[in-house]
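The file final-v2.tsv contains TSV, C-alpha atoms (C1' of nucleotides):
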chain	number	residue	atom	x	y	z
A	1337	MET	CA	70.40	6.73	80.92
A	1338	PRO	CA	73.28	6.88	80.68
A	1339	PHE	CA	74.50	3.97	78.64
A	1340	LYS	CA	76.75	6.40	76.82
A	1341	SER	CA	80.26	5.11	76.60
A	1342	LEU	CA	83.05	7.47	77.48
A	1343	ILE	CA	85.09	6.15	74.59
A	1344	GLU	CA	82.57	6.41	71.80
A	1345	GLU	CA	79.03	7.63	71.38
A	1346	PRO	CA	76.57	4.89	70.70
A	1347	ARG	CA	75.49	4.35	67.11
A	1348	CYS	CA	72.14	2.86	67.93
A	1349	GLN	CA	69.39	5.45	67.89
A	1350	ILE	CA	67.49	3.59	70.56
A	1351	VAL	CA	70.43	3.94	72.93
A	1352	ARG	CA	71.05	7.54	71.88
A	1353	THR	CA	67.43	8.47	72.48
A	1354	LEU	CA	67.20	6.64	75.79
A	1355	ASP	CA	70.30	8.52	76.91
A	1356	ILE	CA	68.21	11.67	76.60
A	1357	VAL	CA	64.72	10.62	77.69
A	1358	GLY	CA	65.19	7.20	79.25
A	1359	GLU	CA	65.84	8.12	82.84
A	1360	LYS	CA	63.16	7.73	85.42
A	1361	TRP	CA	60.57	10.55	85.28
A	1362	SER	CA	61.81	12.10	82.03
A	1363	LEU	CA	59.00	10.87	79.80
A	1364	LEU	CA	56.40	11.77	82.40
A	1365	ILE	CA	57.71	15.31	82.67
A	1366	ILE	CA	57.47	15.48	78.89
A	1367	ARG	CA	53.97	14.03	78.97
A	1368	ASN	CA	52.91	16.75	81.39
A	1369	ALA	CA	54.52	19.36	79.19
A	1370	PHE	CA	52.26	18.14	76.36
A	1371	ARG	CA	49.38	18.80	78.74
A	1372	GLY	CA	50.44	22.41	78.84
A	1373	GLN	CA	52.43	22.43	82.04
A	1374	THR	CA	55.47	24.65	82.06
A	1375	LYS	CA	56.30	25.51	85.67
A	1376	PHE	CA	58.49	23.71	88.14
A	1377	SER	CA	55.65	23.71	90.65
A	1378	GLU	CA	53.20	22.24	88.15
A	1379	PHE	CA	55.45	19.30	87.37
A	1380	ARG	CA	56.23	18.83	91.03
A	1381	ASP	CA	52.61	18.92	92.16
A	1382	GLN	CA	51.09	16.90	89.33
A	1383	LEU	CA	53.75	14.21	89.22
A	1384	GLY	CA	54.78	14.05	92.85
A	1385	ILE	CA	58.39	13.90	91.71
A	1386	PRO	CA	61.16	14.72	94.22
A	1387	THR	CA	62.25	18.28	93.59
A	1388	ASP	CA	65.95	17.54	93.30
A	1389	ILE	CA	65.22	14.94	90.63
A	1390	LEU	CA	62.96	17.40	88.85
A	1391	THR	CA	65.73	19.97	88.87
A	1392	ALA	CA	68.16	17.43	87.44
A	1393	ARG	CA	65.78	16.18	84.76
A	1394	LEU	CA	64.76	19.64	83.61
A	1395	ALA	CA	68.43	20.54	83.32
A	1396	THR	CA	69.32	17.56	81.14
A	1397	LEU	CA	66.21	17.97	79.04
A	1398	VAL	CA	67.09	21.63	78.46
A	1399	GLU	CA	70.69	20.64	77.77
A	1400	ASN	CA	69.54	18.13	75.17
A	1401	GLY	CA	67.17	20.54	73.50
A	1402	ILE	CA	63.88	18.95	74.51
A	1403	PHE	CA	62.85	21.94	76.58
A	1404	GLU	CA	63.54	25.61	76.15
A	1405	LYS	CA	63.89	27.52	79.36
A	1406	GLN	CA	62.08	30.83	79.43
A	1407	GLY	CA	61.20	33.42	81.99
A	1408	TYR	CA	57.66	34.29	82.97
A	1409	ARG	CA	56.15	36.74	85.38
A	1410	ASP	CA	52.75	36.29	86.98
A	1411	ALA	CA	51.09	39.54	87.98
A	1412	GLY	CA	52.54	40.78	91.23
A	1413	ASN	CA	55.30	38.20	91.28
A	1414	ARG	CA	58.90	38.23	90.37
A	1415	GLU	CA	60.21	36.59	87.25
A	1416	ARG	CA	60.58	32.84	87.35
A	1417	SER	CA	61.60	30.05	85.01
A	1418	SER	CA	59.31	28.05	82.80
A	1419	TYR	CA	59.99	25.12	80.51
A	1420	HIS	CA	58.56	24.81	77.04
A	1421	LEU	CA	58.79	21.94	74.59
A	1422	SER	CA	61.07	22.71	71.68
A	1423	GLU	CA	60.43	21.46	68.16
A	1424	ALA	CA	62.42	18.34	69.07
A	1425	GLY	CA	60.36	17.94	72.21
A	1426	ARG	CA	57.08	18.34	70.37
A	1427	ALA	CA	58.27	15.75	67.85
A	1428	LEU	CA	58.20	13.20	70.64
A	1429	ASN	CA	54.42	13.21	70.29
A	1430	ILE	CA	54.63	10.24	67.96
A	1431	VAL	CA	56.77	8.30	70.44
A	1432	MET	CA	54.28	9.06	73.19
A	1433	ALA	CA	51.39	8.12	70.93
A	1434	ALA	CA	53.05	4.83	70.01
A	1435	ILE	CA	53.61	3.99	73.68
A	1436	ASN	CA	50.04	4.98	74.47
A	1437	GLN	CA	48.65	2.91	71.62
A	1438	TRP	CA	50.63	-0.16	72.61
A	1439	GLY	CA	49.32	0.18	76.16
A	1440	GLU	CA	45.72	0.48	74.96
A	1441	GLN	CA	46.07	-2.68	72.97
A	1442	PHE	CA	48.12	-4.90	75.27
A	1443	ASN	CA	47.69	-3.51	78.76
A	1444	PRO	CA	44.40	-1.64	78.75
A	1445	SER	CA	43.21	0.23	81.78
A	1446	PRO	CA	39.87	-0.89	83.21
A	1447	TRP	CA	38.70	2.69	82.85
A	1448	GLY	CA	39.44	2.94	79.16
A	1449	SER	CA	41.67	5.36	77.40
A	1450	ALA	CA	43.07	8.40	79.17
A	1451	SER	CA	44.56	9.96	76.06
A	1452	THR	CA	43.54	10.57	72.51
A	1453	PHE	CA	45.43	12.11	69.65
A	1454	LEU	CA	43.51	14.38	67.35
A	1455	ASP	CA	44.16	15.98	64.02
A	1456	GLU	CA	44.49	19.68	63.34
A	1457	ARG	CA	40.83	20.42	63.63
A	1458	GLY	CA	40.29	18.08	66.55
A	1459	LYS	CA	37.79	16.37	64.30
A	1460	GLN	CA	39.18	12.89	64.06
A	1461	LYS	CA	41.30	10.59	66.12
A	1462	VAL	CA	44.63	9.68	64.66
A	1463	SER	CA	46.70	6.60	65.30
A	1464	VAL	CA	50.29	5.63	64.75
A	1465	ALA	CA	51.13	3.35	61.85
A	1466	PHE	CA	53.91	2.22	59.61
A	1467	VAL	CA	53.80	3.71	56.14
A	1468	GLY	CA	55.83	2.92	53.04
A	1469	GLU	CA	57.68	5.44	50.94
A	1470	SER	CA	54.56	6.15	48.93
A	1471	GLY	CA	52.65	6.93	52.11
A	1472	THR	CA	50.60	3.76	52.06
A	1473	ALA	CA	50.07	1.95	55.32
A	1474	VAL	CA	52.02	-1.25	55.94
A	1475	PRO	CA	50.63	-3.70	58.52
A	1476	GLN	CA	52.61	-3.64	61.72
A	1477	THR	CA	53.08	-7.39	61.79
A	1478	LYS	CA	54.69	-7.30	58.36
A	1479	VAL	CA	57.44	-4.89	59.31
A	1480	SER	CA	60.89	-6.22	60.08
A	1481	TRP	CA	63.85	-4.54	61.69
A	1482	ALA	CA	67.17	-4.72	59.90
A	1483	PRO	CA	70.65	-3.26	60.34
A	1484	GLY	CA	71.18	0.10	58.68
A	1485	PRO	CA	74.30	1.54	57.03
A	1486	ALA	CA	75.93	2.56	60.33
A	1487	SER	CA	75.61	-0.86	61.88
A	1488	THR	CA	78.73	-2.71	62.83
A	1489	VAL	CA	79.06	-6.33	63.75
A	1490	GLN	CA	77.38	-5.41	66.95
A	1491	TRP	CA	74.73	-2.91	65.95
B	1453	MET	CA	59.25	1.51	86.70
B	1454	PRO	CA	57.53	1.24	89.01
B	1455	PHE	CA	55.33	4.26	89.30
B	1456	LYS	CA	52.44	1.92	89.97
B	1457	SER	CA	50.46	3.04	92.95
B	1458	LEU	CA	49.61	0.46	95.55
B	1459	ILE	CA	46.17	1.96	95.94
B	1460	GLU	CA	45.07	2.11	92.35
B	1461	GLU	CA	46.52	1.19	88.99
B	1462	PRO	CA	47.40	4.14	86.87
B	1463	ARG	CA	44.99	5.16	84.14
B	1464	CYS	CA	47.54	6.76	81.90
B	1465	GLN	CA	48.80	4.35	79.27
B	1466	ILE	CA	52.18	6.02	79.27
B	1467	VAL	CA	52.61	5.22	82.94
B	1468	ARG	CA	51.17	1.74	82.51
B	1469	THR	CA	53.53	0.97	79.66
B	1470	LEU	CA	56.57	2.43	81.39
B	1471	ASP	CA	55.76	0.26	84.38
B	1472	ILE	CA	56.42	-2.71	82.10
B	1473	VAL	CA	59.24	-1.58	79.83
B	1474	GLY	CA	60.52	1.62	81.42
B	1475	GLU	CA	63.15	0.28	83.75
B	1476	LYS	CA	66.77	0.53	82.87
B	1477	TRP	CA	67.86	-2.08	80.29
B	1478	SER	CA	64.36	-3.34	79.48
B	1479	LEU	CA	64.04	-1.69	76.07
B	1480	LEU	CA	67.56	-2.71	75.13
B	1481	ILE	CA	66.87	-6.33	75.97
B	1482	ILE	CA	63.79	-6.07	73.79
B	1483	ARG	CA	65.80	-4.42	71.02
B	1484	ASN	CA	68.24	-7.33	71.09
B	1485	ALA	CA	65.37	-9.78	71.01
B	1486	PHE	CA	64.25	-8.10	67.77
B	1487	ARG	CA	67.74	-8.84	66.51
B	1488	GLY	CA	67.05	-12.49	67.03
B	1489	GLN	CA	68.69	-12.99	70.38
B	1490	THR	CA	66.95	-15.38	72.72
B	1491	LYS	CA	69.52	-16.69	75.20
B	1492	PHE	CA	70.56	-15.32	78.55
B	1493	SER	CA	74.19	-15.43	77.45
B	1494	GLU	CA	73.47	-13.53	74.24
B	1495	PHE	CA	71.80	-10.68	76.07
B	1496	ARG	CA	74.51	-10.67	78.69
B	1497	ASP	CA	77.38	-10.65	76.21
B	1498	GLN	CA	75.92	-8.24	73.68
B	1499	LEU	CA	74.58	-5.73	76.18
B	1500	GLY	CA	77.12	-6.03	78.95
B	1501	ILE	CA	74.26	-5.98	81.45
B	1502	PRO	CA	74.85	-7.24	85.00
B	1503	THR	CA	73.51	-10.76	85.20
B	1504	ASP	CA	71.38	-10.20	88.27
B	1505	ILE	CA	69.66	-7.30	86.54
B	1506	LEU	CA	69.19	-9.41	83.41
B	1507	THR	CA	67.58	-12.13	85.50
B	1508	ALA	CA	65.24	-9.62	87.08
B	1509	ARG	CA	64.31	-7.93	83.79
B	1510	LEU	CA	63.67	-11.17	81.94
B	1511	ALA	CA	61.44	-12.26	84.81
B	1512	THR	CA	59.29	-9.12	84.75
B	1513	LEU	CA	59.14	-9.12	80.97
B	1514	VAL	CA	57.95	-12.72	81.00
B	1515	GLU	CA	55.52	-11.90	83.80
B	1516	ASN	CA	54.10	-9.05	81.76
B	1517	GLY	CA	53.77	-11.10	78.62
B	1518	ILE	CA	56.47	-9.43	76.53
B	1519	PHE	CA	58.59	-12.55	76.39
B	1520	GLU	CA	57.63	-16.20	76.35
B	1521	LYS	CA	60.04	-18.48	78.09
B	1522	GLN	CA	60.87	-21.65	76.23
B	1523	GLY	CA	63.34	-24.44	76.53
B	1524	TYR	CA	66.02	-25.19	73.98
B	1525	ARG	CA	68.71	-27.79	73.72
B	1526	ASP	CA	71.91	-27.32	71.76
B	1527	ALA	CA	73.45	-30.53	70.54
B	1528	GLY	CA	75.34	-32.23	73.33
B	1529	ASN	CA	74.06	-29.85	75.97
B	1530	ARG	CA	71.34	-30.00	78.50
B	1531	GLU	CA	68.12	-28.09	78.14
B	1532	ARG	CA	68.24	-24.40	78.93
B	1533	SER	CA	65.87	-21.45	78.83
B	1534	SER	CA	65.34	-19.06	75.97
B	1535	TYR	CA	63.22	-15.97	75.68
B	1536	HIS	CA	61.07	-15.17	72.67
B	1537	LEU	CA	59.06	-12.08	71.93
B	1538	SER	CA	55.33	-12.67	72.24
B	1539	GLU	CA	52.77	-10.98	70.03
B	1540	ALA	CA	52.69	-8.13	72.54
B	1541	GLY	CA	56.46	-7.95	72.47
B	1542	ARG	CA	56.61	-7.92	68.69
B	1543	ALA	CA	54.01	-5.15	68.67
B	1544	LEU	CA	56.56	-2.93	70.37
B	1545	ASN	CA	58.27	-2.68	66.98
B	1546	ILE	CA	56.38	0.53	66.28
B	1547	VAL	CA	57.46	2.04	69.59
B	1548	MET	CA	61.06	1.13	68.83
B	1549	ALA	CA	60.74	2.50	65.31
B	1550	ALA	CA	59.29	5.76	66.61
B	1551	ILE	CA	62.15	6.15	69.08
B	1552	ASN	CA	64.65	5.29	66.36
B	1553	GLN	CA	63.10	7.75	63.94
B	1554	TRP	CA	63.08	10.56	66.48
B	1555	GLY	CA	66.75	9.92	67.15
B	1556	GLU	CA	67.63	9.97	63.48
B	1557	GLN	CA	65.95	13.32	63.10
B	1558	PHE	CA	66.96	15.12	66.27
B	1559	ASN	CA	70.05	13.38	67.57
B	1560	PRO	CA	71.66	11.73	64.56
B	1561	SER	CA	74.73	9.60	64.94
B	1562	PRO	CA	77.78	10.76	62.97
B	1563	TRP	CA	77.87	7.32	61.37
B	1564	GLY	CA	74.33	7.44	60.07
B	1565	SER	CA	71.51	5.09	60.77
B	1566	ALA	CA	72.09	1.80	62.53
B	1567	SER	CA	68.56	0.51	62.00
B	1568	THR	CA	66.05	0.37	59.23
B	1569	PHE	CA	62.53	-0.95	59.17
B	1570	LEU	CA	61.47	-2.82	56.08
B	1571	ASP	CA	58.19	-4.08	54.72
B	1572	GLU	CA	57.20	-7.69	54.24
B	1573	ARG	CA	59.33	-8.24	51.20
B	1574	GLY	CA	62.25	-6.21	52.52
B	1575	LYS	CA	61.80	-4.10	49.44
B	1576	GLN	CA	61.06	-0.71	50.89
B	1577	LYS	CA	61.83	1.21	54.01
B	1578	VAL	CA	58.88	2.06	56.16
B	1579	SER	CA	58.53	4.92	58.59
B	1580	VAL	CA	56.23	5.71	61.47
B	1581	ALA	CA	53.48	8.25	60.90
B	1582	PHE	CA	50.17	9.46	62.22
B	1583	VAL	CA	47.20	8.36	60.17
B	1584	GLY	CA	43.57	9.37	60.36
B	1585	GLU	CA	40.65	6.99	60.55
B	1586	SER	CA	40.54	6.69	56.79
B	1587	GLY	CA	44.20	5.70	56.72
B	1588	THR	CA	45.44	8.96	55.31
B	1589	ALA	CA	48.60	10.44	56.77
B	1590	VAL	CA	48.29	13.41	59.11
B	1591	PRO	CA	51.36	15.65	59.54
B	1592	GLN	CA	53.01	15.10	62.89
B	1593	THR	CA	53.06	18.79	63.75
B	1594	LYS	CA	49.29	18.99	63.32
B	1595	VAL	CA	48.49	16.31	65.86
B	1596	SER	CA	47.41	17.31	69.33
B	1597	TRP	CA	47.10	15.30	72.48
B	1598	ALA	CA	43.84	15.46	74.39
B	1599	PRO	CA	42.28	13.76	77.39
B	1600	GLY	CA	40.36	10.57	76.60
B	1601	PRO	CA	37.23	9.13	78.24
B	1602	ALA	CA	39.13	7.65	81.21
B	1603	SER	CA	40.82	10.88	82.13
B	1604	THR	CA	40.07	12.43	85.46
B	1605	VAL	CA	40.91	15.89	86.62
B	1606	GLN	CA	44.45	14.72	86.78
B	1607	TRP	CA	44.81	12.49	83.78
C	649	DA	C1'	82.42	-43.13	88.91
C	650	DG	C1'	84.87	-38.80	89.08
C	651	DG	C1'	86.37	-34.46	87.04
C	652	DG	C1'	85.86	-30.75	84.03
C	653	DC	C1'	82.89	-27.78	81.18
C	654	DT	C1'	79.08	-24.62	80.35
C	655	DG	C1'	74.76	-21.79	80.55
C	656	DA	C1'	72.06	-19.79	83.71
C	657	DG	C1'	71.63	-18.01	87.26
C	658	DT	C1'	72.51	-16.48	92.89
C	659	DT	C1'	74.91	-14.04	96.49
C	660	DG	C1'	77.37	-10.40	99.21
C	661	DG	C1'	79.25	-6.16	99.24
C	662	DT	C1'	80.01	-1.53	96.96
C	663	DT	C1'	78.54	2.32	94.29
C	664	DT	C1'	75.08	5.10	92.21
C	665	DT	C1'	70.52	6.80	91.93
C	666	DT	C1'	66.40	8.00	93.95
C	667	DC	C1'	63.73	9.65	97.69
C	668	DC	C1'	62.40	12.73	101.45
C	669	DA	C1'	62.23	16.54	104.53
C	670	DA	C1'	64.21	20.59	105.86
C	671	DC	C1'	66.45	24.54	104.46
C	672	DT	C1'	67.82	28.58	101.29
C	673	DT	C1'	67.33	32.39	98.06
C	674	DA	C1'	65.42	36.12	95.60
C	675	DT	C1'	62.07	39.38	95.06
C	676	DA	C1'	57.27	41.10	95.67
C	677	DT	C1'	53.73	42.77	98.61
C	678	DC	C1'	52.07	44.49	103.22
D	386	DG	C1'	61.18	45.39	108.19
D	387	DA	C1'	58.12	41.14	108.16
D	388	DT	C1'	55.89	37.82	105.42
D	389	DA	C1'	54.94	35.06	101.34
D	390	DT	C1'	56.16	32.16	97.46
D	391	DA	C1'	58.43	29.70	93.34
D	392	DA	C1'	62.25	27.46	92.56
D	393	DG	C1'	65.44	25.43	93.82
D	394	DT	C1'	69.76	23.08	97.48
D	395	DT	C1'	71.35	20.14	100.85
D	396	DG	C1'	72.12	16.07	103.93
D	397	DG	C1'	70.96	11.75	105.09
D	398	DA	C1'	68.14	7.33	104.31
D	399	DA	C1'	66.44	3.92	101.12
D	400	DA	C1'	66.38	1.59	96.82
D	401	DA	C1'	68.40	0.20	92.56
D	402	DA	C1'	72.25	-0.94	89.88
D	403	DC	C1'	76.79	-2.80	89.57
D	404	DC	C1'	80.54	-6.23	90.06
D	405	DA	C1'	83.08	-10.31	91.07
D	406	DA	C1'	82.88	-14.57	92.90
D	407	DC	C1'	80.27	-18.44	93.59
D	408	DT	C1'	76.59	-22.23	92.82
D	409	DC	C1'	74.03	-25.62	90.39
D	410	DA	C1'	72.59	-28.99	87.03
D	411	DG	C1'	73.41	-31.88	83.54
D	412	DC	C1'	76.42	-33.26	79.73
D	413	DC	C1'	80.89	-35.20	78.08
D	414	DC	C1'	85.18	-37.64	78.71
D	415	DT	C1'	88.09	-40.94	80.50
Please, can you express the file's structure as structure tokens?
Amino acid sequence: MPFKSLIEEPRCQIVRTLDIVGEKWSLLIIRNAFRGQTKFSEFRDQLGIPTDILTARLATLVENGIFEKQGYRDAGNRERSSYHLSEAGRALNIVMAAINQWGEQFNPSPWGSASTFLDERGKQKVSVAFVGESGTAVPQTKVSWAPGPASTVQW
Amino acid sequence: MPFKSLIEEPRCQIVRTLDIVGEKWSLLIIRNAFRGQTKFSEFRDQLGIPTDILTARLATLVENGIFEKQGYRDAGNRERSSYHLSEAGRALNIVMAAINQWGEQFNPSPWGSASTFLDERGKQKVSVAFVGESGTAVPQTKVSWAPGPASTVQW
DNA sequence: AGGGCTGAGTTGGTTTTTCCAACTTATATC
DNA sequence: GATATAAGTTGGAAAAACCAACTCAGCCCT
């Protein structure tokens, strides 16, 4: 974001993840990538993001393995760069869905929902939930957050 | 963040949610609140956040209903303010857990996990997953993101 | 009553980040 | 050779974050 200390990397996964995707515009670029956008000009035009910031964000997202940079060539044009979500980038779908779901519940838009998440067949909506080791759902209000093995006094 | 347009509120829940919790430090203040911190001085000392920024963030988080401001009085001291997660704030636990889980998988700390999420009894770890309408788990890689009813041409 | 202590800020000035508009670069077509 | 276009760079202005020093209110102590 960067909160990253020069002395020591952070242990907290929240901090570590925000260091990668927490800067302004990053999650929106990723959102647009989930919508199938891959070109610099698509991100620029759809988001209205300043182009120097877009350049910087794409670079750090590539550097951190969220995007893979590829070349593409439209008919009659020279080769240009495109940006594609990696496996790690695609795995952010559950983070995006959790954010989306929270917004629907606690800060709904007057127009209703702009996003849905669908299963493989596109047949049913899916939602984000906590599940226990056996795969059974655990109510969100019953889940508590505790220090893990890597936590120090200040975790 | 604010991406909020002056003309029209955004429809996208990602944008709407980032407008509330997407600024620098906001999610870390919320993380620390999940750790039981409630006082200005606790956030300041544990996070090392500039105090003017902390003031500003606490204000917008209260304004947006993430925190509830209360008074407290330590023995022999005058009354001061404390900040407590509201229901909406507590419901961010699944967003935090999703971020944490992504980090564990794709950007693990050399020291291991600093956070775990536990069920009601603290007996088992819980994780974040996609579930279908019937409550059955749907593999994350099989979930796709599609426009919802409120989506426009540019959703 | 006066002085010191403490938590919760506020303030002024500096640095960093973001924003914006104009410019550049490489190649493809005309 | 001239023109077009995607993907950037660059320089300067504006906004946000940072930092240290200060304020303010009430409590305790003498």
*asked:* Given all atoms listed in the file as the basis, pick out the residue of B:Trp1554, B:Phe1455, B:Phe1495, B:Trp1563 nearest to Val1580 (chain B).
replied: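 That would be B:Trp1554, the residue with the smallest distance to Val1580 (chain B).
Here C1' of DT664 (chain C) is placed at a distance of 8.3 Å from C1' of DA401 (chain D).
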_Length of the CA of Val1467 (chain A) to CA of Arg1371 (chain A) vector [Å]_ =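 Here the two named atoms are 27.5 Å from each other.
The space separating CA of Pro1601 (chain B) from CA of Ala1450 (chain A) comes to 6.0 Å.
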*Select all residues near (66.8, 22.3, 95.2) (cut-off 8 Å, inclusive, file coordinates), counting all atoms listed in the file, and output them as a PyMOL selection string.*
(chain A and resi 1387-1388+1391) or (chain D and resi 392-395)
*Considering only C-alpha atoms, state which residue in the set B:Glu1585, B:Pro1599, B:Gly1555, B:Cys1464 is at the smallest distance from Asn1400 (chain A).*
B:Gly1555
Contact check, chain C to chain A, at most 7 Å, counting only C-alpha atoms (C1' of nucleotides), closest pairs as JSON lines:
{"residue": "C:DC667", "atom": "C1'", "partner": "A:Pro1386", "partner_atom": "CA", "distance": 6.7}
{"residue": "C:DT675", "atom": "C1'", "partner": "A:Arg1414", "partner_atom": "CA", "distance": 5.8}
{"residue": "C:DA676", "atom": "C1'", "partner": "A:Asn1413", "partner_atom": "CA", "distance": 5.6}
*Any idea what's packed within 6 Å of region 1519-1523 of chain B, counting only C-alpha atoms (C1' of nucleotides), ignoring anything in its chain fewer than 6 positions away? Could you give it as a list of chain:residue names?*
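Neighbouring residues, sequence-local ones excluded: B:Leu1513, B:Arg1532, B:Ser1533, B:Ser1534, B:Tyr1535, B:His1536, B:Leu1537, B:Ser1538.
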*Write out as a ChimeraX atom specification which residues come within 10 Å of Lys1575 (chain B) when counting only C-alpha atoms (C1' of nucleotides), dropping same-chain ones fewer than 4 positions away.*
/A:1468 /B:1570-1571
Residues just named, written with C-alpha atoms as a PDB file, in the coordinates of the input:
ATOM      1  CA  GLY A1468      55.830   2.920  53.040  1.00  0.00           C
TER       2      GLY A1468
ATOM      3  CA  LEU B1570      61.470  -2.820  56.080  1.00  0.00           C
ATOM      4  CA  ASP B1571      58.190  -4.080  54.720  1.00  0.00           C
TER       5      ASP B1571
END
*If we count all atoms listed in the file, what is near Pro1560 (chain B) at a cut-off of 10 Å, once residues fewer than 5 positions away on the same chain are taken out, given as a ChimeraX atom specification?*
/A:1347-1349,1352-1353 /B:1552-1555,1565
*Can you tell me, as a ChimeraX atom specification, what residues are no more than 12 Å from DG652 (chain C) when counting all atoms listed in the file, ignoring any on the same chain fewer than 4 positions away?*
/D:412-415
Output C-alpha atoms (C1' of nucleotides) for every residue in that selection, as an mmCIF file, keeping the file's coordinate frame.
data_model
loop_
_atom_site.group_PDB
_atom_site.id
_atom_site.type_symbol
_atom_site.label_atom_id
_atom_site.label_comp_id
_atom_site.auth_asym_id
_atom_site.auth_seq_id
_atom_site.Cartn_x
_atom_site.Cartn_y
_atom_site.Cartn_z
ATOM 1 C "C1'" DC D 412 76.420 -33.260 79.730
ATOM 2 C "C1'" DC D 413 80.890 -35.200 78.080
ATOM 3 C "C1'" DC D 414 85.180 -37.640 78.710
ATOM 4 C "C1'" DT D 415 88.090 -40.940 80.500
#
_Which residue of D:DG411, D:DG397, D:DA402, D:DA391 approaches chain A most closely, using all atoms listed in the file_ =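 Looking at the shortest contact to chain A, the residue is D:DA391.
Residues lying within 12 Å of DA406 (chain D), counting all atoms listed in the file and ignoring same-chain neighbours fewer than 6 positions away, are DT658, DT659, DG660 and DG661 of chain C.
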If you keep C-alpha atoms (C1' of nucleotides), can you produce a file of those selected residues as a JSON list (two decimals), keeping the file's coordinate frame?
[["chain", "number", "residue", "atom", "x", "y", "z"],
["C", 658, "DT", "C1'", 72.51, -16.48, 92.89],
["C", 659, "DT", "C1'", 74.91, -14.04, 96.49],
["C", 660, "DG", "C1'", 77.37, -10.40, 99.21],
["C", 661, "DG", "C1'", 79.25, -6.16, 99.24]]
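With distances restricted to all atoms listed in the file, A:Arg1409 is the closest residue to chain D from A:Glu1440, A:Gln1382, A:Ala1369, A:Arg1409.
For the residues A:Trp1361, A:Glu1378, A:Ile1350, A:Leu1394, ranking by smallest atom-to-atom distance to chain B using only C-alpha atoms places A:Ile1350 first.
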Extending 5 Å beyond the listed atoms of region 1453-1471 of chain A on each side, what axis-aligned box results? I want centre and edge lengths in Å to one decimal, as JSON.
{"center_x": 47.7, "center_y": 11.3, "center_z": 59.3, "size_x": 29.9, "size_y": 28.2, "size_z": 30.7}
